[in-house]
$ cat entry33.tsv   # TSV, N, CA and C atoms
chain	number	residue	atom	x	y	z
A	1	MET	N	0.84	-1.18	0.00
A	1	MET	CA	0.00	0.00	0.00
A	1	MET	C	0.89	1.24	0.00
A	2	THR	N	0.52	2.23	-0.75
A	2	THR	CA	1.24	3.49	-0.81
A	2	THR	C	0.42	4.57	-0.11
A	3	TYR	N	1.10	5.32	0.75
A	3	TYR	CA	0.47	6.40	1.50
A	3	TYR	C	0.67	7.73	0.79
A	4	ALA	N	-0.31	8.60	0.89
A	4	ALA	CA	-0.14	9.98	0.43
A	4	ALA	C	0.61	10.71	1.54
A	5	VAL	N	1.61	11.51	1.16
A	5	VAL	CA	2.39	12.27	2.15
A	5	VAL	C	1.96	13.73	2.08
A	6	ARG	N	1.48	14.23	3.22
A	6	ARG	CA	1.06	15.63	3.32
A	6	ARG	C	2.03	16.36	4.25
A	7	TYR	N	1.97	17.69	4.22
A	7	TYR	CA	2.80	18.53	5.07
A	7	TYR	C	1.94	19.56	5.77
A	8	THR	N	2.17	19.73	7.07
A	8	THR	CA	1.52	20.85	7.75
A	8	THR	C	2.22	22.14	7.33
A	9	LYS	N	1.59	23.25	7.61
A	9	LYS	CA	2.20	24.54	7.31
A	9	LYS	C	3.54	24.68	8.04
A	10	ALA	N	3.58	24.22	9.28
A	10	ALA	CA	4.82	24.29	10.07
A	10	ALA	C	5.94	23.47	9.43
A	11	ALA	N	5.61	22.28	8.93
A	11	ALA	CA	6.61	21.43	8.29
A	11	ALA	C	7.13	22.08	7.00
A	12	LYS	N	6.25	22.70	6.25
A	12	LYS	CA	6.67	23.41	5.03
A	12	LYS	C	7.61	24.56	5.38
A	13	GLU	N	7.29	25.28	6.44
A	13	GLU	CA	8.15	26.39	6.89
A	13	GLU	C	9.51	25.87	7.35
A	14	ASP	N	9.51	24.73	8.03
A	14	ASP	CA	10.77	24.12	8.45
A	14	ASP	C	11.64	23.80	7.24
A	15	LEU	N	11.04	23.20	6.22
A	15	LEU	CA	11.80	22.85	5.02
A	15	LEU	C	12.35	24.09	4.33
A	16	LYS	N	11.56	25.15	4.26
A	16	LYS	CA	12.03	26.40	3.66
A	16	LYS	C	13.20	26.98	4.45
A	17	ARG	N	13.09	26.95	5.78
A	17	ARG	CA	14.14	27.48	6.65
A	17	ARG	C	15.43	26.69	6.48
A	18	LEU	N	15.34	25.38	6.50
A	18	LEU	CA	16.52	24.53	6.37
A	18	LEU	C	17.16	24.68	4.99
A	19	TYR	N	16.33	24.71	3.96
A	19	TYR	CA	16.85	24.88	2.60
A	19	TYR	C	17.50	26.25	2.44
A	20	GLY	N	16.85	27.28	2.97
A	20	GLY	CA	17.38	28.63	2.89
A	20	GLY	C	18.73	28.77	3.59
A	21	PHE	N	18.86	28.12	4.73
A	21	PHE	CA	20.14	28.15	5.45
A	21	PHE	C	21.25	27.57	4.58
A	22	LEU	N	21.01	26.40	4.01
A	22	LEU	CA	22.02	25.78	3.16
A	22	LEU	C	22.28	26.59	1.89
A	23	LEU	N	21.23	27.12	1.33
A	23	LEU	CA	21.36	27.89	0.09
A	23	LEU	C	22.28	29.10	0.29
A	24	ASP	N	22.19	29.71	1.46
A	24	ASP	CA	23.05	30.86	1.77
A	24	ASP	C	24.52	30.47	1.88
A	25	HIS	N	24.79	29.20	2.19
A	25	HIS	CA	26.16	28.76	2.42
A	25	HIS	C	26.74	27.92	1.28
A	26	ASP	N	25.90	27.10	0.66
A	26	ASP	CA	26.40	26.18	-0.37
A	26	ASP	C	25.23	25.70	-1.23
A	27	GLN	N	25.12	26.22	-2.44
A	27	GLN	CA	23.99	25.88	-3.31
A	27	GLN	C	23.96	24.40	-3.65
A	28	GLN	N	25.12	23.80	-3.90
A	28	GLN	CA	25.15	22.38	-4.24
A	28	GLN	C	24.68	21.53	-3.06
A	29	ALA	N	25.08	21.89	-1.86
A	29	ALA	CA	24.63	21.16	-0.67
A	29	ALA	C	23.12	21.30	-0.50
A	30	ALA	N	22.60	22.48	-0.79
A	30	ALA	CA	21.16	22.69	-0.69
A	30	ALA	C	20.41	21.77	-1.65
A	31	CYS	N	20.91	21.64	-2.86
A	31	CYS	CA	20.28	20.75	-3.85
A	31	CYS	C	20.38	19.29	-3.41
A	32	ARG	N	21.53	18.90	-2.89
A	32	ARG	CA	21.70	17.51	-2.42
A	32	ARG	C	20.78	17.22	-1.23
A	33	ALA	N	20.63	18.19	-0.35
A	33	ALA	CA	19.73	18.00	0.80
A	33	ALA	C	18.29	17.83	0.34
A	34	ARG	N	17.89	18.66	-0.62
A	34	ARG	CA	16.53	18.55	-1.16
A	34	ARG	C	16.30	17.16	-1.78
A	35	GLU	N	17.29	16.66	-2.50
A	35	GLU	CA	17.19	15.33	-3.10
A	35	GLU	C	17.12	14.24	-2.03
A	36	ALA	N	17.92	14.37	-0.98
A	36	ALA	CA	17.91	13.38	0.10
A	36	ALA	C	16.56	13.34	0.80
A	37	ILE	N	15.98	14.51	1.03
A	37	ILE	CA	14.67	14.58	1.68
A	37	ILE	C	13.59	14.01	0.76
A	38	ALA	N	13.65	14.34	-0.52
A	38	ALA	CA	12.67	13.80	-1.48
A	38	ALA	C	12.75	12.28	-1.54
A	39	LYS	N	13.97	11.74	-1.55
A	39	LYS	CA	14.15	10.28	-1.57
A	39	LYS	C	13.56	9.65	-0.31
A	40	ALA	N	13.77	10.30	0.84
A	40	ALA	CA	13.22	9.79	2.09
A	40	ALA	C	11.70	9.81	2.08
A	41	MET	N	11.10	10.82	1.44
A	41	MET	CA	9.64	10.88	1.36
A	41	MET	C	9.11	9.72	0.53
A	42	GLY	N	9.88	9.28	-0.45
A	42	GLY	CA	9.50	8.09	-1.22
A	42	GLY	C	9.46	6.85	-0.35
A	43	PHE	N	10.44	6.73	0.54
A	43	PHE	CA	10.45	5.61	1.48
A	43	PHE	C	9.25	5.71	2.42
A	44	LEU	N	8.97	6.93	2.90
A	44	LEU	CA	7.86	7.13	3.82
A	44	LEU	C	6.52	6.76	3.19
A	45	ARG	N	6.37	7.01	1.89
A	45	ARG	CA	5.14	6.64	1.19
A	45	ARG	C	4.88	5.13	1.26
A	46	ASP	N	5.95	4.36	1.26
A	46	ASP	CA	5.80	2.90	1.24
A	46	ASP	C	5.91	2.23	2.61
A	47	PHE	N	6.71	2.80	3.51
A	47	PHE	CA	7.02	2.09	4.76
A	47	PHE	C	6.98	2.99	6.00
A	48	PRO	N	5.90	3.68	6.28
A	48	PRO	CA	5.89	4.58	7.43
A	48	PRO	C	6.05	3.86	8.78
A	49	PHE	N	5.59	2.63	8.86
A	49	PHE	CA	5.71	1.90	10.12
A	49	PHE	C	7.12	1.38	10.38
A	50	ALA	N	8.01	1.51	9.40
A	50	ALA	CA	9.41	1.11	9.59
A	50	ALA	C	10.20	2.14	10.38
A	51	CYS	N	9.64	3.33	10.53
A	51	CYS	CA	10.33	4.40	11.25
A	51	CYS	C	10.06	4.27	12.75
A	52	ARG	N	10.96	4.85	13.54
A	52	ARG	CA	10.85	4.69	15.00
A	52	ARG	C	9.70	5.50	15.58
A	53	LYS	N	9.16	5.00	16.68
A	53	LYS	CA	8.10	5.71	17.39
A	53	LYS	C	8.69	6.94	18.05
A	54	ALA	N	7.96	8.05	17.98
A	54	ALA	CA	8.41	9.29	18.62
A	54	ALA	C	8.16	9.24	20.12
A	55	VAL	N	7.07	8.61	20.50
A	55	VAL	CA	6.73	8.40	21.91
A	55	VAL	C	6.24	6.97	22.07
A	56	PRO	N	6.55	6.32	23.17
A	56	PRO	CA	6.21	4.90	23.32
A	56	PRO	C	4.72	4.57	23.27
A	57	ASP	N	3.87	5.47	23.75
A	57	ASP	CA	2.45	5.15	23.87
A	57	ASP	C	1.60	5.52	22.65
A	58	ASN	N	2.23	6.01	21.57
A	58	ASN	CA	1.47	6.35	20.37
A	58	ASN	C	2.15	5.72	19.15
A	59	PRO	N	1.61	4.61	18.65
A	59	PRO	CA	2.26	3.93	17.53
A	59	PRO	C	2.14	4.67	16.19
A	60	PHE	N	1.35	5.73	16.16
A	60	PHE	CA	1.13	6.45	14.91
A	60	PHE	C	1.96	7.74	14.79
A	61	LEU	N	2.56	8.19	15.88
A	61	LEU	CA	3.44	9.35	15.88
A	61	LEU	C	4.87	8.84	15.80
A	62	ARG	N	5.55	9.15	14.69
A	62	ARG	CA	6.86	8.55	14.42
A	62	ARG	C	7.86	9.58	13.94
A	63	GLU	N	9.12	9.17	13.94
A	63	GLU	CA	10.22	9.99	13.45
A	63	GLU	C	11.00	9.22	12.41
A	64	MET	N	11.45	9.95	11.40
A	64	MET	CA	12.29	9.35	10.38
A	64	MET	C	13.60	10.13	10.34
A	65	LEU	N	14.71	9.39	10.38
A	65	LEU	CA	16.03	9.99	10.26
A	65	LEU	C	16.42	10.01	8.79
A	66	ILE	N	16.96	11.14	8.35
A	66	ILE	CA	17.43	11.30	6.98
A	66	ILE	C	18.90	11.63	7.03
A	67	SER	N	19.73	10.72	6.58
A	67	SER	CA	21.18	10.96	6.58
A	67	SER	C	21.54	12.02	5.55
A	68	PHE	N	22.43	12.92	5.97
A	68	PHE	CA	22.94	13.93	5.05
A	68	PHE	C	24.26	14.45	5.61
A	69	GLY	N	25.32	14.15	4.92
A	69	GLY	CA	26.64	14.59	5.40
A	69	GLY	C	26.98	13.91	6.71
A	70	ALA	N	27.58	14.68	7.62
A	70	ALA	CA	28.00	14.14	8.91
A	70	ALA	C	26.83	14.00	9.89
A	71	SER	N	25.68	14.57	9.56
A	71	SER	CA	24.51	14.45	10.43
A	71	SER	C	23.28	14.18	9.57
A	72	GLY	N	22.31	15.06	9.59
A	72	GLY	CA	21.13	14.86	8.76
A	72	GLY	C	19.92	15.57	9.33
A	73	TYR	N	18.76	15.03	9.03
A	73	TYR	CA	17.50	15.64	9.41
A	73	TYR	C	16.61	14.63	10.13
A	74	VAL	N	15.66	15.15	10.90
A	74	VAL	CA	14.67	14.32	11.57
A	74	VAL	C	13.29	14.86	11.19
A	75	VAL	N	12.44	13.97	10.71
A	75	VAL	CA	11.07	14.35	10.33
A	75	VAL	C	10.10	13.73	11.34
A	76	LEU	N	9.29	14.55	11.95
A	76	LEU	CA	8.24	14.08	12.84
A	76	LEU	C	6.98	13.97	12.01
A	77	PHE	N	6.36	12.80	12.02
A	77	PHE	CA	5.15	12.61	11.21
A	77	PHE	C	4.14	11.76	11.95
A	78	GLU	N	2.90	11.82	11.45
A	78	GLU	CA	1.83	11.02	12.02
A	78	GLU	C	1.17	10.21	10.92
A	79	ILE	N	0.94	8.96	11.21
A	79	ILE	CA	0.19	8.10	10.29
A	79	ILE	C	-1.28	8.36	10.60
A	80	GLU	N	-1.94	9.09	9.71
A	80	GLU	CA	-3.31	9.54	9.94
A	80	GLU	C	-4.33	8.40	9.79
A	81	ASP	N	-4.17	7.64	8.73
A	81	ASP	CA	-5.08	6.54	8.45
A	81	ASP	C	-4.38	5.58	7.49
A	82	LYS	N	-5.11	4.68	6.87
A	82	LYS	CA	-4.51	3.68	5.98
A	82	LYS	C	-4.02	4.27	4.66
A	83	GLU	N	-4.27	5.57	4.44
A	83	GLU	CA	-3.90	6.18	3.17
A	83	GLU	C	-3.02	7.42	3.30
A	84	THR	N	-2.90	7.98	4.52
A	84	THR	CA	-2.29	9.30	4.65
A	84	THR	C	-1.26	9.37	5.77
A	85	VAL	N	-0.13	9.97	5.44
A	85	VAL	CA	0.92	10.30	6.41
A	85	VAL	C	1.08	11.81	6.37
A	86	THR	N	1.13	12.45	7.54
A	86	THR	CA	1.29	13.90	7.61
A	86	THR	C	2.58	14.26	8.31
A	87	ASN	N	3.45	14.99	7.60
A	87	ASN	CA	4.68	15.49	8.20
A	87	ASN	C	4.33	16.69	9.06
A	88	LEU	N	4.72	16.63	10.32
A	88	LEU	CA	4.38	17.68	11.27
A	88	LEU	C	5.50	18.70	11.45
A	89	ALA	N	6.74	18.22	11.40
A	89	ALA	CA	7.88	19.11	11.62
A	89	ALA	C	9.14	18.47	11.06
A	90	VAL	N	10.12	19.31	10.74
A	90	VAL	CA	11.41	18.85	10.24
A	90	VAL	C	12.47	19.67	10.94
A	91	ARG	N	13.52	19.01	11.39
A	91	ARG	CA	14.62	19.74	12.00
A	91	ARG	C	15.94	19.12	11.59
A	92	HIS	N	16.99	19.89	11.71
A	92	HIS	CA	18.34	19.36	11.51
A	92	HIS	C	18.71	18.61	12.78
A	93	GLN	N	19.47	17.55	12.66
A	93	GLN	CA	19.80	16.74	13.84
A	93	GLN	C	20.61	17.53	14.89
A	94	ARG	N	21.25	18.59	14.48
A	94	ARG	CA	22.03	19.38	15.45
A	94	ARG	C	21.21	20.48	16.12
A	95	GLU	N	19.96	20.64	15.70
A	95	GLU	CA	19.08	21.58	16.37
A	95	GLU	C	18.61	20.96	17.68
A	96	GLU	N	18.22	21.82	18.61
A	96	GLU	CA	17.79	21.32	19.92
A	96	GLU	C	16.50	20.52	19.87
A	97	ASP	N	15.51	21.02	19.18
A	97	ASP	CA	14.22	20.34	19.12
A	97	ASP	C	13.41	20.88	17.95
A	98	TYR	N	12.23	20.34	17.77
A	98	TYR	CA	11.36	20.82	16.70
A	98	TYR	C	10.92	22.23	17.01
A	99	HIS	N	10.68	23.02	15.98
A	99	HIS	CA	10.24	24.42	16.16
A	99	HIS	C	8.75	24.49	16.07

$ encode --input "entry33.tsv" --output "structure tokens"
Amino acid sequence: MTYAVRYTKAAKEDLKRLYGFLLDHDQQAACRAREAIAKAMGFLRDFPFACRKAVPDNPFLREMLISFGASGYVVLFEIEDKETVTNLAVRHQREEDYH
């Protein structure tokens, strides 16, 4: 089964912020990061339950790690139903927490 992947407004803003940060420093890295995140979303469409639980008591709230360079990104998402996954937030692994 393939899930539709949606984004909350906050998750879209996170992606813009992260992309903008890289774009200011290294355009090629920004493009590679965008590709890595897009590839991870393809995995999420097929295997959302393969990602780790964000909290022990909620099997539908999960996190996905995206490798990129020496660190990467963390996507917080919720499996809404049998057809939909919603990305709630995205952060760089070196950030303190989700915004």

$ residues_around --input "entry33.tsv" --residues "Arg62 in chain A" --least-positions-apart "4" --cutoff "7 Å" --atoms "only N, CA and C atoms" --output "list in words"
Cys51, Arg52, Lys53, Ala54, Val55, Asn58, Val75, Leu76, Phe77, Glu78 and Ile79 of chain A

$ select_by_dssp --input "entry33.tsv" --residues "chain A" --states "helix (DSSP H, G or I)" --output "PyMOL selection string"
chain A and resi 9-25+27-46+48-50

$ closest_residue --input "entry33.tsv" --among "A:Glu63, A:Glu35, A:Asp46, A:Asp81" --to "Thr2 in chain A" --atoms "all atoms listed in the file"
A:Asp46

$ atom_distance --input "entry33.tsv" --atom1 "CA of Val74 in chain A" --atom2 "CA of Phe60 in chain A"
16.0 Å

$ closest_atom_pairs --input "entry33.tsv" --of "range 3-43 of chain A" --to "range 86-96 of chain A" --cutoff "5 Å" --atoms "only N, CA and C atoms" --output "Markdown table"
| residue | atom | partner | partner_atom | distance |
| --- | --- | --- | --- | --- |
| A:Arg6 | C | A:Asn87 | N | 3.9 |
| A:Tyr7 | CA | A:Asn87 | N | 4.4 |
| A:Thr8 | N | A:Asn87 | C | 4.2 |
| A:Ala11 | CA | A:Ala89 | CA | 4.3 |

$ atom_distance --input "entry33.tsv" --atom1 "CA of Lys12 in chain A" --atom2 "CA of Leu65 in chain A"
17.2 Å

$ atom_distance --input "entry33.tsv" --atom1 "atom C of Gly42 in chain A" --atom2 "atom N of His25 in chain A"
27.2 Å

$ closest_residue --input "entry33.tsv" --among "A:Gly69, A:Lys9, A:Met1, A:Glu83" --to "Ala30 in chain A" --atoms "only C-alpha atoms"
A:Gly69

$ select_by_dssp --input "entry33.tsv" --residues "range 1-88 of chain A" --states "strand (DSSP E or B)" --output "list in words"
Ala4, Val5, Arg6, Tyr7, Arg52, Lys53, Leu61, Arg62, Glu63, Met64, Leu65, Ile66, Ser67, Phe68, Ser71, Gly72, Tyr73, Val74, Val75, Leu76, Phe77, Glu78, Ile79, Thr84, Val85, Thr86, Asn87 and Leu88 of chain A

$ closest_residue --input "entry33.tsv" --among "A:Val85, A:Cys31, A:Ile37, A:Ala4" --to "Leu61 in chain A" --atoms "only C-alpha atoms"
A:Val85
